[in-house]
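Data block below; observations after.
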Amino acid sequence: MLRQFGITLTLPAAILAGCHRGPSSDGQPAPSASVITLGLSIGACDDDVQACESECDAGSADRCRRLAATYALGRGATQDETRATALYERACAMRDPSACVFAGQMHEYARGVPKDDARAASLYERACDLQWPGGCYNLAIMVERGRGVPQDRKRAGDLYQIACTAGEKASCEKAAEMHGPPPVPFLEGGLP
C-alpha cells in the first residue's frame, strides 16, 4: 500500500494513479501531480545517491529507476532530466515496467529529451507488455489519437479495457466508447 494525497492506495490503485492525465497547454493530456507523487512514493535515492548508482551499475533495475527519479525531481542530486531519462530507459531495459512509463512520459512531454511520440508509445507498449496497466492506459491514449503510432479505435479500446480490468473506472468508459460505433462527424452548415 502507498499513501497519496492523504489516501492509502492499494498497489493496483497506485499503479493506475499515474494514469490520470489532465490537458496541457496544447490540449493534450499531461502528466498529473499524481504521477510525481507516485514517483516519490515508489521512491528516489533518499539514502545515498552514490550507493544507489553503484547498485544500478551492478544491474538493479529498482535502483536505476530510483536514481532516475532522484535526477528527474532534483531530490538529493542536481536536477538533470536528460540523465533521468537515460536511467529510466536503462531500468526499462531491465524489465522495470514503471520505469518504462516514466521514460515514455519524458519523451512524450520533452522532459530532458526532444519530444518523440513514437519513442514514448514504444516505451508505453513495453510497460504494457510487462503487464503494467498504466503503460496500457498511456499507450491507449497514443493509439486513440494516432500520436507516434497509427490511429486504431479497436486497439485503443482493447488497451483501455486492460486498464479497466485492473480497476481504472475511467478506462472502462473509454473502452466502451472505442469499441462502439465511431462518432458521426459534425457537418458545418447542417445536414446535406
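Simple scheme: letters A, B, ... for chains in C-alpha cells order, numbers from 1 for residues in each chain, numbers from 1 for ligands in the order shown.
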* **Selection near Gln151 in chain A, 12 Å with only C-alpha atoms, sequence-local residues under 4 positions removed, as a PyMOL selection string** => chain A and resi 121+139-147+155-157+178
* **Shell around range 97-100 of chain A at 8 Å using only C-alpha atoms, local window under 4 positions removed, as a list in words** => Arg65, Tyr88, Glu89, Ala91, Cys92, Gly104, Leu123, Tyr124, Arg126, Ala127, Cys128, Leu130, Gln131, Trp132, Gly134 and Gly135 of chain A
Take the residues from that selection and put them in a file with N, CA and C atoms, as a PDB file, in the first residue's frame.
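Generated file (out17.pdb):
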ATOM      1  N   ARG A  65      15.807   2.938 -11.510  1.00  0.00           N
ATOM      2  CA  ARG A  65      14.579   3.728 -11.540  1.00  0.00           C
ATOM      3  C   ARG A  65      14.585   4.765 -10.427  1.00  0.00           C
ATOM      4  N   TYR A  88      15.861   5.952 -16.629  1.00  0.00           N
ATOM      5  CA  TYR A  88      14.551   5.301 -16.750  1.00  0.00           C
ATOM      6  C   TYR A  88      14.590   4.263 -17.879  1.00  0.00           C
ATOM      7  N   GLU A  89      15.207   4.648 -19.001  1.00  0.00           N
ATOM      8  CA  GLU A  89      15.295   3.707 -20.127  1.00  0.00           C
ATOM      9  C   GLU A  89      16.150   2.495 -19.768  1.00  0.00           C
ATOM     10  N   ALA A  91      16.507   1.186 -16.739  1.00  0.00           N
ATOM     11  CA  ALA A  91      15.682   0.350 -15.868  1.00  0.00           C
ATOM     12  C   ALA A  91      14.592  -0.353 -16.674  1.00  0.00           C
ATOM     13  N   CYS A  92      14.045   0.329 -17.665  1.00  0.00           N
ATOM     14  CA  CYS A  92      13.041  -0.281 -18.539  1.00  0.00           C
ATOM     15  C   CYS A  92      13.633  -1.474 -19.281  1.00  0.00           C
ATOM     16  N   GLY A 104       8.696   6.909 -21.023  1.00  0.00           N
ATOM     17  CA  GLY A 104       7.760   7.316 -22.072  1.00  0.00           C
ATOM     18  C   GLY A 104       7.265   8.731 -21.862  1.00  0.00           C
ATOM     19  N   LEU A 123       7.799   2.860 -25.493  1.00  0.00           N
ATOM     20  CA  LEU A 123       8.075   2.623 -24.073  1.00  0.00           C
ATOM     21  C   LEU A 123       6.805   2.250 -23.318  1.00  0.00           C
ATOM     22  N   TYR A 124       5.687   2.907 -23.646  1.00  0.00           N
ATOM     23  CA  TYR A 124       4.414   2.538 -23.022  1.00  0.00           C
ATOM     24  C   TYR A 124       4.031   1.102 -23.405  1.00  0.00           C
ATOM     25  N   ARG A 126       6.054  -1.303 -24.115  1.00  0.00           N
ATOM     26  CA  ARG A 126       6.928  -2.210 -23.342  1.00  0.00           C
ATOM     27  C   ARG A 126       6.355  -2.407 -21.934  1.00  0.00           C
ATOM     28  N   ALA A 127       5.928  -1.316 -21.301  1.00  0.00           N
ATOM     29  CA  ALA A 127       5.325  -1.420 -19.963  1.00  0.00           C
ATOM     30  C   ALA A 127       4.061  -2.258 -20.000  1.00  0.00           C
ATOM     31  N   CYS A 128       3.255  -2.056 -21.023  1.00  0.00           N
ATOM     32  CA  CYS A 128       2.024  -2.834 -21.167  1.00  0.00           C
ATOM     33  C   CYS A 128       2.351  -4.310 -21.365  1.00  0.00           C
ATOM     34  N   LEU A 130       4.812  -5.793 -20.246  1.00  0.00           N
ATOM     35  CA  LEU A 130       5.277  -6.280 -18.941  1.00  0.00           C
ATOM     36  C   LEU A 130       4.138  -6.296 -17.918  1.00  0.00           C
ATOM     37  N   GLN A 131       2.915  -6.116 -18.420  1.00  0.00           N
ATOM     38  CA  GLN A 131       1.678  -6.200 -17.641  1.00  0.00           C
ATOM     39  C   GLN A 131       1.527  -5.102 -16.604  1.00  0.00           C
ATOM     40  N   TRP A 132       1.947  -3.897 -16.945  1.00  0.00           N
ATOM     41  CA  TRP A 132       1.771  -2.714 -16.097  1.00  0.00           C
ATOM     42  C   TRP A 132       0.610  -1.915 -16.691  1.00  0.00           C
ATOM     43  N   GLY A 134      -0.745   0.951 -16.247  1.00  0.00           N
ATOM     44  CA  GLY A 134      -0.501   2.350 -16.584  1.00  0.00           C
ATOM     45  C   GLY A 134       0.142   2.503 -17.954  1.00  0.00           C
ATOM     46  N   GLY A 135       0.975   1.548 -18.330  1.00  0.00           N
ATOM     47  CA  GLY A 135       1.564   1.568 -19.673  1.00  0.00           C
ATOM     48  C   GLY A 135       0.506   1.344 -20.738  1.00  0.00           C
TER      49      GLY A 135
END
* To do: Please give the complete set of residues from range 40-142 of chain A that DSSP, run on the backbone, assigns to helix (DSSP H, G or I), formatted as a count of residues only.
  => 73
* To do: Point out the residue among A:Gly59, A:Pro150, A:Pro114, A:Gly76 with the least atom-to-atom distance to Arg95 in chain A, counting only C-alpha atoms.
  => A:Gly59
* Suppose you want the space between CA of Ala176 in chain A and CA of Val101 in chain A; what is it in Å? ->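 Value for the CA of Ala176 in chain A-CA of Val101 in chain A distance: 24.0 Å.
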* CA of Tyr137 in chain A to CA of Tyr160 in chain A, distance in Å rounded to a single decimal -> 5.6 Å
* With only C-alpha atoms as the atoms that count, which of A:Glu177, A:Ala72, A:Asn138, A:Arg119 lies nearest to Leu159 in chain A? ->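 Of A:Glu177, A:Ala72, A:Asn138, A:Arg119, the one nearest Leu159 in chain A is A:Asn138, counting only C-alpha atoms.
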* Structure fact -> Among A:Glu81, A:Ala175, A:Leu67, A:Lys169, Ala110 in chain A is approached most closely, using only C-alpha atoms, by A:Glu81
* Asked: Which residues come within 9 Å of His107 in chain A, counting only C-alpha atoms, excluding same-chain residues fewer than 5 positions away, as an MDAnalysis selection string?
  -> chainID A and resid 85 102 112:120
Include N, CA and C atoms and write out the residues we just selected as a tab-separated table (two decimals), in the first residue's frame.
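Final output, part23.tsv:
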chain	number	residue	atom	x	y	z
A	85	THR	N	16.12	10.49	-17.90
A	85	THR	CA	15.51	9.72	-19.00
A	85	THR	C	16.37	8.52	-19.35
A	102	PHE	N	7.61	6.01	-17.02
A	102	PHE	CA	8.26	7.28	-16.73
A	102	PHE	C	9.15	7.71	-17.91
A	112	GLY	N	13.85	16.79	-20.84
A	112	GLY	CA	15.26	16.43	-20.90
A	112	GLY	C	15.69	15.81	-22.22
A	113	VAL	N	14.72	15.52	-23.06
A	113	VAL	CA	14.97	14.94	-24.39
A	113	VAL	C	13.99	15.58	-25.37
A	114	PRO	N	14.29	15.54	-26.66
A	114	PRO	CA	13.32	16.08	-27.63
A	114	PRO	C	12.01	15.28	-27.59
A	115	LYS	N	10.91	15.97	-27.85
A	115	LYS	CA	9.61	15.30	-27.92
A	115	LYS	C	9.66	14.22	-29.00
A	116	ASP	N	9.24	13.02	-28.64
A	116	ASP	CA	9.27	11.89	-29.57
A	116	ASP	C	8.12	10.95	-29.22
A	117	ASP	N	6.97	11.20	-29.86
A	117	ASP	CA	5.78	10.40	-29.57
A	117	ASP	C	5.96	8.93	-29.94
A	118	ALA	N	6.69	8.65	-31.01
A	118	ALA	CA	6.90	7.24	-31.39
A	118	ALA	C	7.71	6.52	-30.32
A	119	ARG	N	8.72	7.16	-29.78
A	119	ARG	CA	9.53	6.54	-28.72
A	119	ARG	C	8.69	6.39	-27.45
A	120	ALA	N	7.89	7.40	-27.13
A	120	ALA	CA	7.02	7.32	-25.96
A	120	ALA	C	6.07	6.14	-26.09
